[in-house]
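Text of run-v2.tsv, listed as TSV, C-alpha atoms:
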```
chain	number	residue	atom	x	y	z
L	1	MET	CA	-9.11	-50.30	20.72
L	2	PHE	CA	-10.06	-50.60	17.07
L	3	ASP	CA	-12.81	-48.03	16.60
L	4	GLY	CA	-12.76	-44.27	16.09
L	5	GLY	CA	-15.24	-41.57	15.21
L	6	LEU	CA	-14.94	-39.81	11.87
L	7	THR	CA	-16.20	-36.33	11.03
L	8	MET	CA	-15.17	-34.08	8.15
L	9	SER	CA	-16.32	-31.88	5.32
L	10	PHE	CA	-14.62	-30.67	2.15
L	11	HIS	CA	-14.12	-26.92	1.82
L	12	LYS	CA	-10.66	-25.33	1.91
L	13	VAL	CA	-7.40	-26.51	0.42
L	14	ASN	CA	-5.15	-28.49	2.74
L	15	CYS	CA	-3.88	-31.40	0.63
L	16	PRO	CA	-2.15	-32.12	-2.69
L	17	PRO	CA	-4.39	-32.68	-5.74
L	18	VAL	CA	-6.36	-35.86	-6.20
L	19	VAL	CA	-6.06	-37.49	-9.59
L	20	GLY	CA	-9.09	-39.13	-11.10
L	21	ASN	CA	-12.69	-38.48	-11.99
L	22	LEU	CA	-14.12	-36.77	-8.93
L	23	SER	CA	-17.30	-35.36	-10.44
L	24	LYS	CA	-19.37	-38.22	-9.12
L	25	ILE	CA	-17.38	-38.53	-5.92
L	26	ARG	CA	-17.95	-34.90	-4.98
L	27	SER	CA	-21.69	-35.26	-5.40
L	28	GLN	CA	-21.65	-38.31	-3.13
L	29	CYS	CA	-19.46	-36.86	-0.35
L	30	ARG	CA	-21.41	-36.28	2.82
L	31	THR	CA	-20.89	-32.87	4.41
L	32	ARG	CA	-20.69	-33.22	8.15
L	33	PRO	CA	-21.68	-30.33	10.48
L	34	ASN	CA	-18.22	-29.66	11.90
L	35	PRO	CA	-17.01	-26.21	10.79
L	36	CYS	CA	-13.71	-26.40	12.68
L	37	PHE	CA	-12.23	-28.98	10.34
L	38	ALA	CA	-12.47	-28.67	6.60
L	39	VAL	CA	-10.48	-30.05	3.70
L	40	GLN	CA	-10.90	-29.77	-0.02
L	41	MET	CA	-9.55	-32.35	-2.43
L	42	SER	CA	-8.91	-30.60	-5.74
L	43	SER	CA	-8.57	-32.68	-8.89
L	44	THR	CA	-6.42	-32.85	-11.97
L	45	LEU	CA	-7.85	-34.78	-14.89
L	46	VAL	CA	-5.18	-36.67	-16.80
L	47	GLN	CA	-5.04	-39.86	-18.85
L	48	THR	CA	-2.40	-42.54	-19.11
L	49	ASP	CA	-1.54	-45.33	-21.51
L	50	GLU	CA	-0.98	-48.98	-20.65
L	51	ASN	CA	2.46	-48.13	-19.24
L	52	GLY	CA	1.15	-45.43	-16.94
L	53	ASP	CA	2.51	-42.62	-19.14
L	54	PHE	CA	0.59	-39.42	-19.91
L	55	TYR	CA	-0.77	-39.24	-23.44
L	56	GLU	CA	-2.55	-36.69	-25.63
L	57	SER	CA	-5.88	-35.73	-24.11
L	58	LYS	CA	-8.61	-33.30	-24.95
L	59	LYS	CA	-8.39	-29.83	-23.46
L	60	ILE	CA	-9.82	-29.16	-20.03
L	61	SER	CA	-10.57	-25.57	-19.05
L	62	GLY	CA	-8.51	-24.23	-21.94
L	63	SER	CA	-5.33	-26.09	-20.99
L	64	SER	CA	-3.36	-28.09	-23.57
L	65	SER	CA	-2.35	-31.68	-22.91
L	66	THR	CA	1.27	-30.54	-22.59
L	67	GLU	CA	0.28	-28.05	-19.91
L	68	LEU	CA	-1.78	-30.70	-18.13
L	69	LYS	CA	1.17	-33.07	-18.14
L	70	SER	CA	3.45	-30.40	-16.72
L	71	GLN	CA	0.89	-29.34	-14.12
L	72	ALA	CA	0.25	-32.92	-13.03
L	73	GLN	CA	3.92	-33.83	-12.71
L	74	ASN	CA	4.86	-30.60	-10.93
L	75	SER	CA	1.81	-30.01	-8.73
L	76	LEU	CA	1.62	-33.57	-7.42
L	77	LEU	CA	4.85	-32.77	-5.61
L	78	SER	CA	7.68	-35.01	-4.64
L	79	GLN	CA	7.38	-34.77	-0.91
L	80	ALA	CA	9.16	-37.53	0.95
L	81	ASN	CA	5.94	-38.64	2.61
L	82	THR	CA	3.46	-38.41	-0.26
L	83	VAL	CA	1.02	-41.34	-0.20
L	84	GLY	CA	-0.17	-42.84	-3.47
L	85	ILE	CA	-3.66	-44.32	-3.21
L	86	ILE	CA	-4.99	-46.79	-5.75
L	87	GLY	CA	-8.76	-46.67	-5.96
L	88	GLY	CA	-9.99	-50.23	-6.27
L	89	VAL	CA	-13.15	-51.91	-7.48
L	90	SER	CA	-15.13	-50.03	-4.84
L	91	VAL	CA	-15.15	-46.24	-4.93
L	92	LEU	CA	-16.81	-46.31	-1.49
L	93	SER	CA	-13.73	-47.98	0.03
L	94	THR	CA	-11.54	-45.22	-1.36
L	95	LEU	CA	-13.75	-42.49	0.06
L	96	ILE	CA	-13.94	-44.13	3.48
L	97	PHE	CA	-10.17	-44.50	3.58
L	98	LEU	CA	-9.59	-40.89	2.53
L	99	GLU	CA	-11.86	-39.70	5.31
L	100	LYS	CA	-9.86	-41.65	7.88
L	101	LEU	CA	-6.50	-40.60	6.43
L	102	VAL	CA	-7.34	-36.89	6.34
L	103	TRP	CA	-9.12	-36.68	9.67
L	104	TRP	CA	-6.77	-38.83	11.73
L	105	SER	CA	-3.59	-37.24	10.37
L	106	SER	CA	-4.95	-33.71	11.01
L	107	ARG	CA	-6.89	-33.98	14.25
L	108	ASN	CA	-4.01	-32.81	16.47
L	109	GLY	CA	-3.55	-29.61	14.51
L	110	GLU	CA	-0.93	-31.13	12.19
L	111	GLU	CA	-0.93	-30.81	8.42
L	112	CYS	CA	-2.80	-33.46	6.50
L	113	VAL	CA	-0.66	-36.26	5.08
L	114	PRO	CA	0.02	-35.36	1.42
L	115	PHE	CA	-1.59	-37.83	-0.96
L	116	VAL	CA	-2.51	-38.43	-4.58
L	117	VAL	CA	-5.39	-40.68	-5.63
L	118	CYS	CA	-5.78	-42.49	-8.91
L	119	SER	CA	-9.27	-43.95	-9.11
L	120	GLU	CA	-11.28	-45.46	-11.92
L	121	PRO	CA	-15.03	-45.62	-11.18
L	122	ALA	CA	-15.50	-47.83	-14.22
L	123	LEU	CA	-13.71	-50.59	-12.32
L	124	ASP	CA	-16.80	-50.82	-10.12
L	125	GLY	CA	-18.50	-52.60	-12.99
L	126	GLY	CA	-15.73	-55.19	-12.97
L	127	ARG	CA	-17.01	-56.57	-9.69
L	128	ARG	CA	-19.38	-58.80	-11.68
L	129	SER	CA	-16.32	-60.53	-13.14
L	130	VAL	CA	-14.77	-60.85	-9.72
L	131	HIS	CA	-17.84	-62.46	-8.17
L	132	SER	CA	-18.28	-64.83	-11.11
L	133	SER	CA	-14.56	-65.77	-10.99
L	134	GLU	CA	-14.00	-64.93	-14.66
L	135	VAL	CA	-10.26	-65.28	-15.19
L	136	ASN	CA	-10.22	-62.80	-18.08
L	137	GLY	CA	-12.18	-60.26	-16.04
L	138	GLU	CA	-9.70	-60.54	-13.17
L	139	HIS	CA	-6.79	-60.14	-15.57
L	140	ILE	CA	-8.24	-56.89	-16.93
L	141	ILE	CA	-8.76	-55.50	-13.44
L	142	ILE	CA	-5.23	-56.45	-12.35
L	143	GLN	CA	-3.74	-54.78	-15.42
L	144	ASN	CA	-5.80	-51.66	-14.79
L	145	LEU	CA	-4.72	-51.46	-11.15
L	146	ARG	CA	-1.09	-52.06	-12.07
L	147	GLN	CA	-1.23	-49.15	-14.52
L	148	LYS	CA	-2.51	-46.94	-11.74
L	149	ARG	CA	0.33	-48.01	-9.49
L	150	ILE	CA	2.85	-47.05	-12.19
L	151	PHE	CA	1.08	-43.73	-12.68
L	152	LEU	CA	1.30	-42.97	-8.95
L	153	GLU	CA	5.01	-43.82	-8.90
L	154	LYS	CA	5.57	-41.33	-11.74
L	155	SER	CA	3.42	-38.74	-9.96
L	156	GLY	CA	5.73	-38.43	-6.95
L	157	ALA	CA	4.21	-40.96	-4.54
L	158	ARG	CA	6.66	-42.38	-2.01
L	159	CYS	CA	4.49	-45.25	-0.81
L	160	ILE	CA	1.44	-47.04	-2.21
L	161	VAL	CA	-1.75	-48.20	-0.52
L	162	MET	CA	-4.82	-49.90	-1.90
L	163	PRO	CA	-7.90	-49.40	0.34
L	164	CYS	CA	-10.01	-52.17	-1.14
L	165	HIS	CA	-10.78	-55.58	0.36
L	166	ILE	CA	-10.98	-57.27	-3.05
L	167	SER	CA	-8.01	-55.63	-4.79
L	168	ASN	CA	-5.60	-56.77	-2.08
L	169	ALA	CA	-6.22	-60.36	-3.18
L	170	TRP	CA	-4.01	-59.46	-6.19
L	171	HIS	CA	-1.47	-57.46	-4.19
L	172	ASP	CA	1.46	-59.60	-5.37
L	173	GLU	CA	0.57	-59.16	-9.04
L	174	ILE	CA	-0.12	-55.42	-8.74
L	175	SER	CA	3.03	-54.71	-6.70
L	176	GLU	CA	5.33	-56.68	-9.01
L	177	SER	CA	8.50	-54.64	-9.75
L	178	CYS	CA	7.32	-51.82	-7.47
L	179	SER	CA	10.30	-50.12	-5.79
L	180	LEU	CA	8.21	-48.25	-3.20
L	181	PRO	CA	6.73	-49.45	0.10
L	182	PHE	CA	3.38	-50.99	-0.87
L	183	PHE	CA	1.31	-51.73	2.23
L	184	HIS	CA	-0.87	-54.84	2.18
L	185	ILE	CA	-4.06	-54.37	4.18
L	186	GLY	CA	-3.80	-57.91	5.54
L	187	ASP	CA	-0.29	-57.25	6.84
L	188	CYS	CA	-1.47	-54.08	8.59
L	189	VAL	CA	-4.30	-55.95	10.31
L	190	ALA	CA	-2.15	-58.93	11.32
L	191	ARG	CA	0.59	-56.65	12.68
L	192	GLU	CA	-1.79	-54.64	14.85
L	193	LEU	CA	-3.41	-57.78	16.23
L	194	LYS	CA	0.01	-59.27	16.98
L	195	GLU	CA	1.05	-56.09	18.80
L	196	ALA	CA	-2.19	-56.21	20.84
L	197	LYS	CA	-0.87	-59.41	22.51
L	198	LEU	CA	-4.27	-61.11	22.57
L	199	LYS	CA	-4.71	-64.18	24.75
L	200	PRO	CA	-6.51	-67.36	23.58
L	201	LEU	CA	-10.04	-67.66	24.93
L	202	ASP	CA	-9.74	-71.46	24.98
L	203	ALA	CA	-6.89	-72.99	26.94
L	204	GLY	CA	-4.35	-74.75	24.77
L	205	SER	CA	-5.52	-73.15	21.52
L	206	SER	CA	-4.20	-70.35	19.34
L	207	VAL	CA	-5.71	-66.89	19.28
L	208	ARG	CA	-8.69	-67.07	16.93
L	209	ILE	CA	-9.64	-64.27	14.55
L	210	GLY	CA	-12.96	-64.35	12.73
L	211	VAL	CA	-13.45	-62.88	9.27
L	212	LEU	CA	-16.82	-61.87	7.81
L	213	SER	CA	-17.11	-60.85	4.19
L	214	THR	CA	-19.80	-60.77	1.55
L	215	CYS	CA	-17.27	-62.23	-0.93
L	216	GLU	CA	-16.56	-65.63	0.56
L	217	THR	CA	-13.23	-66.33	-1.10
L	218	ILE	CA	-11.56	-63.41	-2.81
L	219	ALA	CA	-12.02	-60.78	-0.09
L	220	VAL	CA	-11.11	-63.20	2.70
L	221	ALA	CA	-7.85	-64.41	1.15
L	222	PRO	CA	-5.77	-61.28	1.90
L	223	TYR	CA	-6.55	-61.59	5.61
L	224	GLN	CA	-6.51	-65.36	6.02
L	225	GLN	CA	-2.99	-65.85	4.70
L	226	LYS	CA	-1.45	-62.89	6.57
L	227	LEU	CA	-3.14	-63.79	9.86
L	228	GLN	CA	-2.03	-67.40	9.63
L	229	ASN	CA	1.53	-66.24	8.94
L	230	GLN	CA	1.41	-64.43	12.30
L	231	GLY	CA	0.26	-67.57	14.09
L	232	PHE	CA	-3.46	-66.78	14.35
L	233	GLU	CA	-6.19	-69.33	13.73
L	234	VAL	CA	-8.66	-67.91	11.22
L	235	VAL	CA	-12.33	-68.75	11.74
L	236	LEU	CA	-14.77	-68.28	8.87
L	237	PRO	CA	-18.57	-68.60	8.88
L	238	ASP	CA	-19.89	-71.94	7.69
L	239	LYS	CA	-22.03	-72.35	4.60
L	240	GLU	CA	-25.31	-72.22	6.55
L	241	THR	CA	-24.33	-68.96	8.26
L	242	MET	CA	-23.39	-67.41	4.92
L	243	GLU	CA	-26.54	-68.53	3.11
L	244	HIS	CA	-29.13	-68.06	5.85
L	245	ILE	CA	-27.75	-65.21	7.95
L	246	LEU	CA	-24.99	-63.07	6.43
L	247	MET	CA	-26.19	-62.77	2.84
L	248	PRO	CA	-29.83	-62.22	3.94
L	249	ALA	CA	-28.47	-59.42	6.17
L	250	VAL	CA	-26.99	-57.72	3.10
L	251	GLU	CA	-30.19	-58.26	1.14
L	252	SER	CA	-32.23	-56.75	3.96
L	253	TRP	CA	-29.89	-53.75	4.05
L	254	ASN	CA	-30.24	-53.24	0.29
L	255	GLN	CA	-34.02	-53.41	0.68
L	256	ARG	CA	-33.86	-50.76	3.43
L	257	ASP	CA	-34.90	-53.21	6.13
L	258	ILE	CA	-32.38	-51.66	8.51
L	259	GLU	CA	-33.46	-53.40	11.71
L	260	GLY	CA	-33.68	-56.78	9.99
L	261	ALA	CA	-30.17	-56.36	8.57
L	262	ARG	CA	-28.77	-55.35	11.94
L	263	ASN	CA	-30.31	-58.29	13.76
L	264	LEU	CA	-28.99	-60.77	11.20
L	265	LEU	CA	-25.48	-59.31	11.28
L	266	ARG	CA	-25.48	-59.43	15.08
L	267	ILE	CA	-26.32	-63.13	14.86
L	268	ALA	CA	-23.50	-63.74	12.34
L	269	ILE	CA	-21.00	-62.03	14.64
L	270	GLN	CA	-22.26	-63.95	17.68
L	271	VAL	CA	-21.88	-67.23	15.80
L	272	LEU	CA	-18.16	-66.54	15.46
L	273	LEU	CA	-17.78	-65.25	19.01
L	274	ILE	CA	-19.32	-68.45	20.34
L	275	ARG	CA	-16.44	-70.27	18.64
L	276	ALA	CA	-13.99	-68.48	20.98
L	277	VAL	CA	-12.98	-65.80	18.49
L	278	ASN	CA	-11.18	-62.79	20.01
L	279	ILE	CA	-11.88	-60.30	17.22
L	280	VAL	CA	-14.13	-60.36	14.15
L	281	ILE	CA	-12.78	-58.61	11.06
L	282	LEU	CA	-15.54	-57.02	8.99
L	283	ALA	CA	-13.98	-57.27	5.54
L	284	SER	CA	-16.80	-55.56	3.67
L	285	ASP	CA	-17.95	-51.97	3.19
L	286	VAL	CA	-21.57	-53.04	3.45
L	287	LEU	CA	-21.05	-54.87	6.74
L	288	GLN	CA	-19.21	-51.86	8.16
L	289	ASN	CA	-22.26	-49.67	7.56
L	290	ILE	CA	-24.99	-51.88	9.02
L	291	LEU	CA	-24.50	-51.62	12.78
L	292	PRO	CA	-24.81	-48.24	14.54
L	293	ARG	CA	-21.58	-46.81	15.97
L	294	GLU	CA	-22.75	-47.29	19.53
L	295	ASP	CA	-23.52	-51.00	19.11
L	296	PRO	CA	-21.53	-52.88	21.79
L	297	LEU	CA	-20.74	-55.72	19.39
L	298	LEU	CA	-18.49	-53.38	17.39
L	299	LYS	CA	-16.06	-53.44	20.30
L	300	LYS	CA	-15.41	-57.04	19.26
L	301	CYS	CA	-15.00	-56.10	15.60
L	302	MET	CA	-12.19	-54.58	13.57
L	303	ASP	CA	-12.32	-52.41	10.46
L	304	PRO	CA	-9.29	-53.26	8.26
L	305	MET	CA	-9.33	-49.74	6.78
L	306	ASP	CA	-8.50	-48.41	10.26
L	307	ALA	CA	-5.33	-50.51	10.39
L	308	LEU	CA	-4.32	-49.47	6.88
L	309	ALA	CA	-4.89	-45.79	7.68
L	310	ARG	CA	-2.91	-45.97	10.93
L	311	THR	CA	0.00	-47.74	9.21
L	312	THR	CA	0.00	-45.19	6.39
L	313	ILE	CA	-0.05	-42.20	8.74
L	314	LYS	CA	2.73	-43.69	10.88
L	315	TRP	CA	4.87	-44.19	7.76
L	316	ALA	CA	4.13	-40.67	6.45
L	317	LYS	CA	5.07	-38.98	9.72
L	318	SER	CA	8.26	-41.05	9.98
L	319	ALA	CA	9.25	-40.23	6.38
L	320	LYS	CA	8.65	-36.53	7.04
L	321	LYS	CA	10.93	-36.59	10.10
L	322	VAL	CA	13.68	-38.31	8.12
L	323	ARG	CA	13.38	-35.67	5.39
L	324	ARG	CA	13.73	-32.86	7.94
L	325	LYS	CA	16.90	-34.39	9.41
L	326	THR	CA	18.48	-34.55	5.98
```
Turn the structure described in the file into structure tokens.
Amino acid sequence: MFDGGLTMSFHKVNCPPVVGNLSKIRSQCRTRPNPCFAVQMSSTLVQTDENGDFYESKKISGSSSTELKSQAQNSLLSQANTVGIIGGVSVLSTLIFLEKLVWWSSRNGEECVPFVVCSEPALDGGRRSVHSSEVNGEHIIIQNLRQKRIFLEKSGARCIVMPCHISNAWHDEISESCSLPFFHIGDCVARELKEAKLKPLDAGSSVRIGVLSTCETIAVAPYQQKLQNQGFEVVLPDKETMEHILMPAVESWNQRDIEGARNLLRIAIQVLLIRAVNIVILASDVLQNILPREDPLLKKCMDPMDALARTTIKWAKSAKKVRRKT
């Protein structure tokens, strides 16, 4: 119900330009051996000030800053269903989401959902501030992400999404004064689970949803609050599970002990399932990568990026139909 295979490569133009520094991203994109589906994400390099406005920049490929501004504003289109994507503190999350968005919106022979991405790889370094709970560090990241939201609004986006587990913890601050639909990943997850009409595994109790994350507090918050608002009971791993099972699983993965990492993550998931949890949300890019696709335990797990992608595609297709009628 919650899983789906993903296969794509980047070759021919099929989508609006992507804004941001893609030199590193392109080198990291994995080319999959499926020649029947190919998409290229071209890029426009622009800079903005603290208000999200374009400002004087050095020339790129012989173009003046005025030309770049005009090209960016005109070529990013104003289609009624253009999706604005804010790259968060994890570039990997953005790439994973783009893969889902492009593949799922195109797999029935339809055109890819138009989108524009504003990503700042330098934000990846800000994760140290996030993990150490430095208030000033969080403030800088929030301001940076808010600027990107403003930039996307001025670039023709008609809705905003933020495919990052951590960034959604500041969704309220980043979306302040935003006039566009701004999907919260926690809302997308809670809505899909509510629509699934799950039944409690323990008589007399609420439906229980487990959440596993490598960031105990900040990455869990976006899901915990939204799930509770929908009447779900949220179950988190205890301190012993975090310290002796989940975090060692991540350490094993980073040390290339693949089998050790997989076994530990399986135990962490089972610990929650034993507590009568219906579904376990894997709110971490690292945790999503550990188990092989065919692992039966994944049938009991949910990838929040899937819910966000499905919600975004549904909105984009609906907006396109409305545009055609008018």
Subject >> atom CA of L:Ala283 to atom CA of L:Ala157, straight-line distance in Å >> reply: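 About the pair atom CA of L:Ala157 and atom CA of L:Ala283: they are 26.4 Å apart.
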Original post:
Nearest to L:Ala307: which of L:Leu273, L:Val116, L:Ala190, L:Leu265 is it, counting all atoms listed in the file?
Top reply: L:Ala190
Subject >> L:Glu110, L:Asp285, L:Thr217, L:Leu201 ranked by distance to L:Thr94, top pick (using all atoms listed in the file) >> reply: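 Looking only at the distances to L:Thr94, the closest residue turns out to be L:Asp285.
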**OP:** Record the distance separating atom CA of L:Asn254 and atom CA of L:Asp303, expressed in Å with one decimal.
**Re:**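 Straight-line distance from atom CA of L:Asn254 to atom CA of L:Asp303 works out to 20.6 Å.
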**OP:** Can you pull out every residue within 8 Å of L:Trp315, counting all atoms listed in the file, but drop anything in the same chain fewer than 4 positions away, and send it as a ChimeraX atom specification?
**Re:** /L:81,311,319
